[in-house]
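Colleague: Questions regarding the structure given below will be posed in turn.
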Amino acid sequence: MTKTKIRWGIIGPGSIAKAFRGGLLDSEHGELAAIATRDPSRASLATDFPGIRVVHGYDALLADADIDAVYIAVPHTGHAEWAIKAAKAGKHVLVEKPFALSAHEADAVFHAHRKAGTFAGEAFMYRLHPQTAKIIELVKSGTIGEVRMIQSSFGFNMGSFQPEHRLFASKLAGGGIMDVGCYPISMARLLAGAVDGKPFADPVKVAGTAALNAEGTDDTAAAILTFGNGIVAQVSCAVMANLDNVLHIHGSQGRIDVPDFWFAGGNRDQGLGKIEIVKGGKTESVSVNETRHVYSFEADAASKAILEGRQEFTEPGMSWNDTLGNLRVLDKWRADAGIEFSIEKSKTRLTTLDNRKLGANTGIIPKRSIPGLSKQASAVALGFEDFKTFASGAILLDAFWERGGNLFDTAFVYGGGYTEKLFGEWHPSRGTREQAVLIGKGAHSPLCYPDVIGKQLTQSLDRLQTDYVDIYFMHRDNLDVPVGEFVDAMDAEVKAGRIRGPFGGSNWTKERMDEAIAYAERTGKTKPQALSNNFALAEMLDPIWDGCVTSSTPAYKQWLTDRQVANFSWSSQARGFFTDLAGRDKTDNEELVRVWYNDQNFGRRDRALQLAKELGKSPIHVALAYVLTQEFPSIPLIGPRRVLELDDSLQAFDIKLSPEQVKWLEQG
């Protein structure tokens, strides 16, 4: 028998949950089956949810076989946690806005649902109300001519500062930006996209500000969004000021005004959808005259998507990319205003995103021995210099660890030192230092001198919150300095116990390495045993950055094999060369052309594509498998920004290349 209704459970029995119940009562495709609470004795449950089955605890609801989908209405800080737990339980979710505290969190949630094959949507109820469709219709039809500016606000006055209240408390992600600022942002992006016939548009520039309270959250805030089509949006929000709460769409021939668009000009029960068109000195009122419960449209859209096997909303609902784009704007707005919630900091965020203790360092990434290193290290190293906050970076570090990765790539210059600081906050909060293998680098140009190594290593260890690194590289070479001076400087750090494994050069030539090894053997100093040069299936033709060295040439590869020197390969997947398959001349990426474009590399890419098709993989997986399959210790550095990208890269471990396949990939 074909299912016609989705059985919903609600997590978090607050006022929004009560409104969603009303929507389900007026819904064609959904019905409320149960509500979960941590306090079943709450007197308001019988009044707000009459006759409903009450489940004791959120986990119990997720384990309930009679529940198909879950509406998550807990405070902001619990959205990502329970959405991920729902995915693991095989439940579809509709998550109250904001979907998560950041785009990084939301992306991890979507990845969990992508793997589970379940629906996940952000509950911007207004997006599914007929009023929104009417607004889009008026804009697209040119009712007010060319759209030039959007103004929108959502603000109310709480009257007094209440530090423990969810609208103010930093530990609860309080403030207006997250609670109500997300509405005008989402509408502005919707309208800017509609002008170009797209579901939404992301701004090319965001500039935000806010007035902060003693909790460090925003009482009032404003931002300006600039879109690629020339539209400028001014948005504002407040929890301590009564704003006009009107959407203004300014065009070349008039203006559209929409009061309280998030409730279609009504309340949580009903909104008739009032729209005013101001043109030529006259005002015309338009209404969709919708009498159904305002939440019924959202409930139906989500239920219908689930029944049809879709994993996300279609326009004008919030698709996954739409939600991610909205949160990126909120992230930038918060960053501009200097807002980082206490719940996002390392002293508080001691668990994974779904609120568990970090799991064991076992998974699909194998371990291997590296010459000179007493620990076993993962077969790939993680680079993570693109993250700007602990909360965003910890998501990827946690995921890498639980997939078996324990090798972390840092450097004194990366992110102005923030990469080191991030790892230094992460490992104490997780208790991972002794199992982790930590790469450090120092003395980058222009400060490429032996006496800089010890000074920078002292600063690095302070940021890293540790007293040693496991592997250390001179980040560049300086041919004006005798190589022995560099060996002496690093040997001193080995003897001091601040480098406890192999050291060597990053972007050093084999000739310079030979000199360094010979000097160490002659003087009884510790020998360099490792390199960190570029090595990839595609040979680097021109240095990506000044001073870079590739080990991909036949002569260098033979040297590595003969010496059995470990090479930690940066840009091991050739920086997108194996994913840019449009053709030889169809790219505007100057770096890609300059660094990788020649007949040899195109031949290798073509063969990687052919083998990937045979294996059911992508060329990028074959390219990484090639770096992993060498006759010398070859450890690729990978730099995913998302858990999705991490898991995609790790598909390379499904590929076991034979010596003949390696040779064929190189030579054909």
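Here, A, B, ... name the chains of the structure tokens in the order displayed, residue numbers run from 1 inside each chain, and ligands are numbered from 1 in the same displayed order.
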Within 9 Å of region 73-97 of chain A, which residues of region 159-254 of chain A show up? Give each one with its shortest atom-to-atom distance in Å (one decimal) and the two atoms involved, counting only C-alpha atoms, rows by chain then rising residue number, as CSV.

Modeller:
```
residue,atom,partner,partner_atom,distance
A:Arg166,CA,A:Pro75,CA,7.6
A:Lys171,CA,A:Thr77,CA,8.1
A:Leu172,CA,A:Thr77,CA,5.9
A:Ala173,CA,A:Thr77,CA,6.5
A:Gly174,CA,A:His76,CA,8.5
A:Met178,CA,A:Lys97,CA,8.3
A:Asp179,CA,A:Lys97,CA,7.6
A:Val180,CA,A:Lys97,CA,8.9
A:Cys182,CA,A:Lys97,CA,7.8
A:Tyr183,CA,A:Lys97,CA,8.9
```

Colleague: For the selection you just gave me, I'd like the residues written to a file as a compact mmCIF listing (two decimals), in the first residue's frame, keeping N, CA and C atoms.

Modeller:
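Full text of result-v1.txt as output:
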```
# COMPACT_ATOMS: atom_id res chain seq x y z
N ARG A 166 17.41 32.91 26.11
CA ARG A 166 17.96 32.38 24.86
C ARG A 166 18.23 33.47 23.83
N LYS A 171 25.92 31.31 25.41
CA LYS A 171 25.94 29.84 25.43
C LYS A 171 24.75 29.25 24.67
N LEU A 172 23.74 30.08 24.38
CA LEU A 172 22.57 29.63 23.62
C LEU A 172 22.51 30.27 22.24
N ALA A 173 23.64 30.85 21.80
CA ALA A 173 23.73 31.49 20.48
C ALA A 173 22.67 32.57 20.32
N GLY A 174 22.60 33.45 21.33
CA GLY A 174 21.59 34.50 21.33
C GLY A 174 21.91 35.64 20.38
N MET A 178 21.07 35.76 14.49
CA MET A 178 20.72 34.36 14.31
C MET A 178 19.22 34.13 14.41
N ASP A 179 18.56 34.84 15.32
CA ASP A 179 17.15 34.56 15.57
C ASP A 179 16.23 35.14 14.52
N VAL A 180 16.46 36.39 14.13
CA VAL A 180 15.55 37.04 13.18
C VAL A 180 16.26 37.67 11.98
N CYS A 182 18.19 36.26 10.04
CA CYS A 182 18.20 35.27 8.96
C CYS A 182 17.02 35.46 8.00
N TYR A 183 15.91 36.05 8.47
CA TYR A 183 14.74 36.24 7.61
C TYR A 183 14.99 37.26 6.50
```

Colleague: Please identify all polymer residues within 9 Å of Phe110 (chain A), counting only C-alpha atoms, omitting same-chain residues fewer than 2 positions from it, and present them as a ChimeraX atom specification.

Modeller: /A:83-84,105-108,112-115,120,320

Colleague: How about saving the chosen residues, C-alpha atoms kept, as a CSV table (one decimal), in the first residue's frame?

Modeller:
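Writing the result to again.csv gives the following:
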```csv
chain,number,residue,atom,x,y,z
A,83,ALA,CA,19.7,16.7,12.9
A,84,ILE,CA,22.8,14.5,12.6
A,105,GLU,CA,27.8,23.0,10.7
A,106,ALA,CA,25.0,22.8,8.2
A,107,ASP,CA,27.3,21.3,5.6
A,108,ALA,CA,28.2,18.5,8.0
A,112,ALA,CA,25.0,13.0,7.2
A,113,HIS,CA,21.6,13.1,5.4
A,114,ARG,CA,23.2,12.7,2.0
A,115,LYS,CA,24.8,9.4,3.2
A,120,ALA,CA,16.6,17.6,5.5
A,320,TRP,CA,20.6,22.7,0.7
```

Colleague: Looking only at the backbone, which of the residues in region 407-475 of chain A does DSSP tag as helix (DSSP H, G or I), as a VMD selection string?

Modeller: chain A and resid 414 to 430 450 to 464

Colleague: Let me make sure I understand: among A:Ala214, A:Asp269, A:Thr283, A:Val55, which one has the smallest atom-to-atom distance to Pro40 (chain A) if we use only C-alpha atoms?

Modeller: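 Using only C-alpha atoms, the shortest distance to Pro40 (chain A) belongs to A:Val55.
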
Colleague: List as a ChimeraX atom specification the protein and nucleic acid residues near region 407-420 of chain A, meaning an atom at most 8 Å away when only C-alpha atoms are counted, but skip any in the same chain fewer than 5 places from it.

Modeller: /A:377-378,380-388,436-442,444,456-457,460,463-464,637

Colleague: Atoms to include: N, CA and C atoms. Write the selected residues as a PDB file, in the first residue's frame.

Modeller:
```pdb
ATOM      1  N   ALA A 377      51.880   6.496  11.519  1.00  0.00           N
ATOM      2  CA  ALA A 377      51.194   7.692  11.014  1.00  0.00           C
ATOM      3  C   ALA A 377      50.194   7.294   9.937  1.00  0.00           C
ATOM      4  N   SER A 378      49.137   8.078   9.838  1.00  0.00           N
ATOM      5  CA  SER A 378      48.147   7.797   8.794  1.00  0.00           C
ATOM      6  C   SER A 378      48.758   8.004   7.419  1.00  0.00           C
ATOM      7  N   VAL A 380      47.713   9.505   4.887  1.00  0.00           N
ATOM      8  CA  VAL A 380      47.577  10.864   4.364  1.00  0.00           C
ATOM      9  C   VAL A 380      47.644  11.833   5.540  1.00  0.00           C
ATOM     10  N   ALA A 381      48.084  13.042   5.246  1.00  0.00           N
ATOM     11  CA  ALA A 381      48.135  14.103   6.246  1.00  0.00           C
ATOM     12  C   ALA A 381      47.066  15.134   5.929  1.00  0.00           C
ATOM     13  N   LEU A 382      46.538  15.749   6.964  1.00  0.00           N
ATOM     14  CA  LEU A 382      45.474  16.747   6.797  1.00  0.00           C
ATOM     15  C   LEU A 382      46.037  18.151   6.898  1.00  0.00           C
ATOM     16  N   GLY A 383      45.803  18.944   5.848  1.00  0.00           N
ATOM     17  CA  GLY A 383      46.058  20.372   5.894  1.00  0.00           C
ATOM     18  C   GLY A 383      44.747  21.091   6.155  1.00  0.00           C
ATOM     19  N   PHE A 384      44.773  22.134   7.001  1.00  0.00           N
ATOM     20  CA  PHE A 384      43.501  22.751   7.401  1.00  0.00           C
ATOM     21  C   PHE A 384      43.671  24.252   7.630  1.00  0.00           C
ATOM     22  N   GLU A 385      44.389  24.899   6.738  1.00  0.00           N
ATOM     23  CA  GLU A 385      44.698  26.307   6.955  1.00  0.00           C
ATOM     24  C   GLU A 385      43.580  27.254   6.537  1.00  0.00           C
ATOM     25  N   ASP A 386      42.462  26.745   6.016  1.00  0.00           N
ATOM     26  CA  ASP A 386      41.385  27.608   5.544  1.00  0.00           C
ATOM     27  C   ASP A 386      40.365  27.955   6.621  1.00  0.00           C
ATOM     28  N   PHE A 387      40.501  27.384   7.801  1.00  0.00           N
ATOM     29  CA  PHE A 387      39.499  27.617   8.839  1.00  0.00           C
ATOM     30  C   PHE A 387      39.876  28.817   9.700  1.00  0.00           C
ATOM     31  N   LYS A 388      38.842  29.561  10.105  1.00  0.00           N
ATOM     32  CA  LYS A 388      39.059  30.805  10.843  1.00  0.00           C
ATOM     33  C   LYS A 388      38.569  30.732  12.291  1.00  0.00           C
ATOM     34  N   ALA A 436      48.585  11.658  18.084  1.00  0.00           N
ATOM     35  CA  ALA A 436      48.688  12.469  16.872  1.00  0.00           C
ATOM     36  C   ALA A 436      50.141  12.579  16.423  1.00  0.00           C
ATOM     37  N   VAL A 437      50.313  12.704  15.120  1.00  0.00           N
ATOM     38  CA  VAL A 437      51.623  12.979  14.527  1.00  0.00           C
ATOM     39  C   VAL A 437      51.552  14.389  13.959  1.00  0.00           C
ATOM     40  N   LEU A 438      52.365  15.271  14.509  1.00  0.00           N
ATOM     41  CA  LEU A 438      52.264  16.700  14.217  1.00  0.00           C
ATOM     42  C   LEU A 438      53.439  17.159  13.366  1.00  0.00           C
ATOM     43  N   ILE A 439      53.100  17.748  12.230  1.00  0.00           N
ATOM     44  CA  ILE A 439      54.107  18.334  11.340  1.00  0.00           C
ATOM     45  C   ILE A 439      54.199  19.830  11.627  1.00  0.00           C
ATOM     46  N   GLY A 440      55.419  20.327  11.797  1.00  0.00           N
ATOM     47  CA  GLY A 440      55.655  21.758  11.930  1.00  0.00           C
ATOM     48  C   GLY A 440      56.604  22.230  10.840  1.00  0.00           C
ATOM     49  N   LYS A 441      56.519  23.516  10.532  1.00  0.00           N
ATOM     50  CA  LYS A 441      57.425  24.106   9.539  1.00  0.00           C
ATOM     51  C   LYS A 441      57.787  25.512   9.984  1.00  0.00           C
ATOM     52  N   GLY A 442      58.995  25.939   9.632  1.00  0.00           N
ATOM     53  CA  GLY A 442      59.411  27.290   9.982  1.00  0.00           C
ATOM     54  C   GLY A 442      60.447  27.834   9.033  1.00  0.00           C
ATOM     55  N   HIS A 444      60.282  30.323   6.803  1.00  0.00           N
ATOM     56  CA  HIS A 444      59.823  30.598   5.436  1.00  0.00           C
ATOM     57  C   HIS A 444      60.451  31.899   4.955  1.00  0.00           C
ATOM     58  N   GLN A 456      61.247  30.622  15.907  1.00  0.00           N
ATOM     59  CA  GLN A 456      59.891  30.372  15.421  1.00  0.00           C
ATOM     60  C   GLN A 456      59.319  29.088  16.017  1.00  0.00           C
ATOM     61  N   LEU A 457      60.164  28.091  16.218  1.00  0.00           N
ATOM     62  CA  LEU A 457      59.670  26.850  16.815  1.00  0.00           C
ATOM     63  C   LEU A 457      59.160  27.107  18.235  1.00  0.00           C
ATOM     64  N   SER A 460      55.810  28.535  17.742  1.00  0.00           N
ATOM     65  CA  SER A 460      54.906  27.494  17.237  1.00  0.00           C
ATOM     66  C   SER A 460      54.454  26.564  18.352  1.00  0.00           C
ATOM     67  N   ARG A 463      51.818  28.161  20.458  1.00  0.00           N
ATOM     68  CA  ARG A 463      50.504  28.147  19.800  1.00  0.00           C
ATOM     69  C   ARG A 463      49.922  26.744  19.782  1.00  0.00           C
ATOM     70  N   LEU A 464      50.772  25.754  19.531  1.00  0.00           N
ATOM     71  CA  LEU A 464      50.321  24.368  19.413  1.00  0.00           C
ATOM     72  C   LEU A 464      50.011  23.734  20.768  1.00  0.00           C
ATOM     73  N   LEU A 637      49.585  15.185   1.298  1.00  0.00           N
ATOM     74  CA  LEU A 637      48.855  16.146   2.127  1.00  0.00           C
ATOM     75  C   LEU A 637      47.563  16.471   1.403  1.00  0.00           C
TER      76      LEU A 637
END
```

Colleague: What's around Ile364 (chain A) at 12 Å? Count only C-alpha atoms, leave out sequence neighbours fewer than 5 positions away in its own chain, and write the answer as a VMD selection string.

Modeller: chain A and resid 378 to 380 399 to 405 646 to 647 649 to 654

Colleague: Please produce a file of the residues just selected, as a PDB file, in the first residue's frame, where the atoms kept are C-alpha atoms.

Modeller:
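Result file again_8.pdb:
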```
ATOM      1  CA  SER A 378      48.147   7.797   8.794  1.00  0.00           C
ATOM      2  CA  ALA A 379      48.776   7.312   5.094  1.00  0.00           C
ATOM      3  CA  VAL A 380      47.577  10.864   4.364  1.00  0.00           C
ATOM      4  CA  ALA A 399      36.031  13.652  11.138  1.00  0.00           C
ATOM      5  CA  PHE A 400      39.612  13.046   9.972  1.00  0.00           C
ATOM      6  CA  TRP A 401      40.511  11.499  13.338  1.00  0.00           C
ATOM      7  CA  GLU A 402      37.525   9.157  13.395  1.00  0.00           C
ATOM      8  CA  ARG A 403      38.335   7.994   9.861  1.00  0.00           C
ATOM      9  CA  GLY A 404      41.787   6.915  11.015  1.00  0.00           C
ATOM     10  CA  GLY A 405      43.773  10.081  10.286  1.00  0.00           C
ATOM     11  CA  LEU A 646      37.261  14.490   2.962  1.00  0.00           C
ATOM     12  CA  ASP A 647      35.108  11.418   2.389  1.00  0.00           C
ATOM     13  CA  SER A 649      39.187  11.976  -1.219  1.00  0.00           C
ATOM     14  CA  LEU A 650      39.297   8.852   0.910  1.00  0.00           C
ATOM     15  CA  GLN A 651      37.756   6.846  -1.913  1.00  0.00           C
ATOM     16  CA  ALA A 652      41.345   6.653  -3.183  1.00  0.00           C
ATOM     17  CA  PHE A 653      41.924   3.917  -0.606  1.00  0.00           C
ATOM     18  CA  ASP A 654      39.494   1.701  -2.524  1.00  0.00           C
TER      19      ASP A 654
END
```

Colleague: Counting only C-alpha atoms, what is within 8 Å of Asp260 (chain A), bar same-chain residues fewer than 3 positions away, as a short mmCIF file (atom, residue, chain, number, x, y, z; two decimals) with C-alpha atoms, in the first residue's frame?

Modeller:
```
data_model
loop_
_atom_site.label_atom_id
_atom_site.label_comp_id
_atom_site.auth_asym_id
_atom_site.auth_seq_id
_atom_site.Cartn_x
_atom_site.Cartn_y
_atom_site.Cartn_z
CA PHE A 154 12.85 42.17 11.58
CA ASN A 245 9.34 45.05 9.98
CA VAL A 246 8.53 45.76 6.36
CA LEU A 247 10.08 44.41 3.17
CA PHE A 263 3.98 35.52 8.79
CA ALA A 264 2.39 36.70 5.52
CA GLY A 265 1.26 39.83 7.37
CA GLY A 266 -0.55 37.75 10.00
#
```

Colleague: Excluding Ile52 (chain A) and its own-chain neighbours fewer than 5 positions away, which residues fall within 12 Å of it when counting only C-alpha atoms? Please give them as a VMD selection string.

Modeller: chain A and resid 8 to 10 13 18 21 31 to 36 40 45 to 47

Colleague: Can those selected residues be exported to a file as a PDB file, in the first residue's frame so that it contains C-alpha atoms?

Modeller:
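Final output, part.pdb:
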```pdb
ATOM      1  CA  TRP A   8       5.891  13.422  12.216  1.00  0.00           C
ATOM      2  CA  GLY A   9       7.460  13.592  15.646  1.00  0.00           C
ATOM      3  CA  ILE A  10       8.460  16.854  17.300  1.00  0.00           C
ATOM      4  CA  PRO A  13       7.718  21.338  22.718  1.00  0.00           C
ATOM      5  CA  LYS A  18       2.873  24.280  18.764  1.00  0.00           C
ATOM      6  CA  ARG A  21       1.299  21.118  15.077  1.00  0.00           C
ATOM      7  CA  GLU A  31       0.258  14.099  10.532  1.00  0.00           C
ATOM      8  CA  LEU A  32       1.584  14.504  14.056  1.00  0.00           C
ATOM      9  CA  ALA A  33       2.271  11.136  15.671  1.00  0.00           C
ATOM     10  CA  ALA A  34       4.266  12.003  18.797  1.00  0.00           C
ATOM     11  CA  ILE A  35       6.154  14.704  20.649  1.00  0.00           C
ATOM     12  CA  ALA A  36       9.365  14.164  22.586  1.00  0.00           C
ATOM     13  CA  PRO A  40       6.744  14.559  30.329  1.00  0.00           C
ATOM     14  CA  LEU A  45       1.789  19.600  27.047  1.00  0.00           C
ATOM     15  CA  ALA A  46      -1.845  18.570  27.454  1.00  0.00           C
ATOM     16  CA  THR A  47      -3.000  22.087  26.569  1.00  0.00           C
TER      17      THR A  47
END
```

Colleague: Using only C-alpha atoms, which protein or nucleic acid residues come within 10 Å of Arg328 (chain A)? Drop anything in the same chain fewer than 3 positions from it, and give the result as a ChimeraX atom specification.

Modeller: /A:102-104,202-203,206,322-325,331-334

Colleague: What's the separation between CA of Phe261 (chain A) and CA of Ile136 (chain A), in Å to one decimal place?

Modeller: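 Atom-to-atom, CA of Phe261 (chain A) and CA of Ile136 (chain A) are spaced 12.6 Å apart.
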
Colleague: Within region 243-484 of chain A, find each residue whose DSSP state, derived from the backbone, is strand (DSSP E), and express the selection as a count of residues only.

Modeller: 43

Colleague: Any idea what the distance is between CA of His248 (chain A) and CA of Pro184 (chain A)?

Modeller: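 Computing it gives 10.5 Å between the two atoms.
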
Colleague: So which one's closest to Leu353 (chain A), A:Cys548, A:Glu485, A:Thr389, A:Asp398? Using only C-alpha atoms, please.

Modeller: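 For Leu353 (chain A), the nearest of the given residues is A:Asp398.
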
Colleague: Using Å and a single decimal, report how far CA of Glu308 (chain A) sits from CA of Leu25 (chain A).

Modeller: 20.8 Å
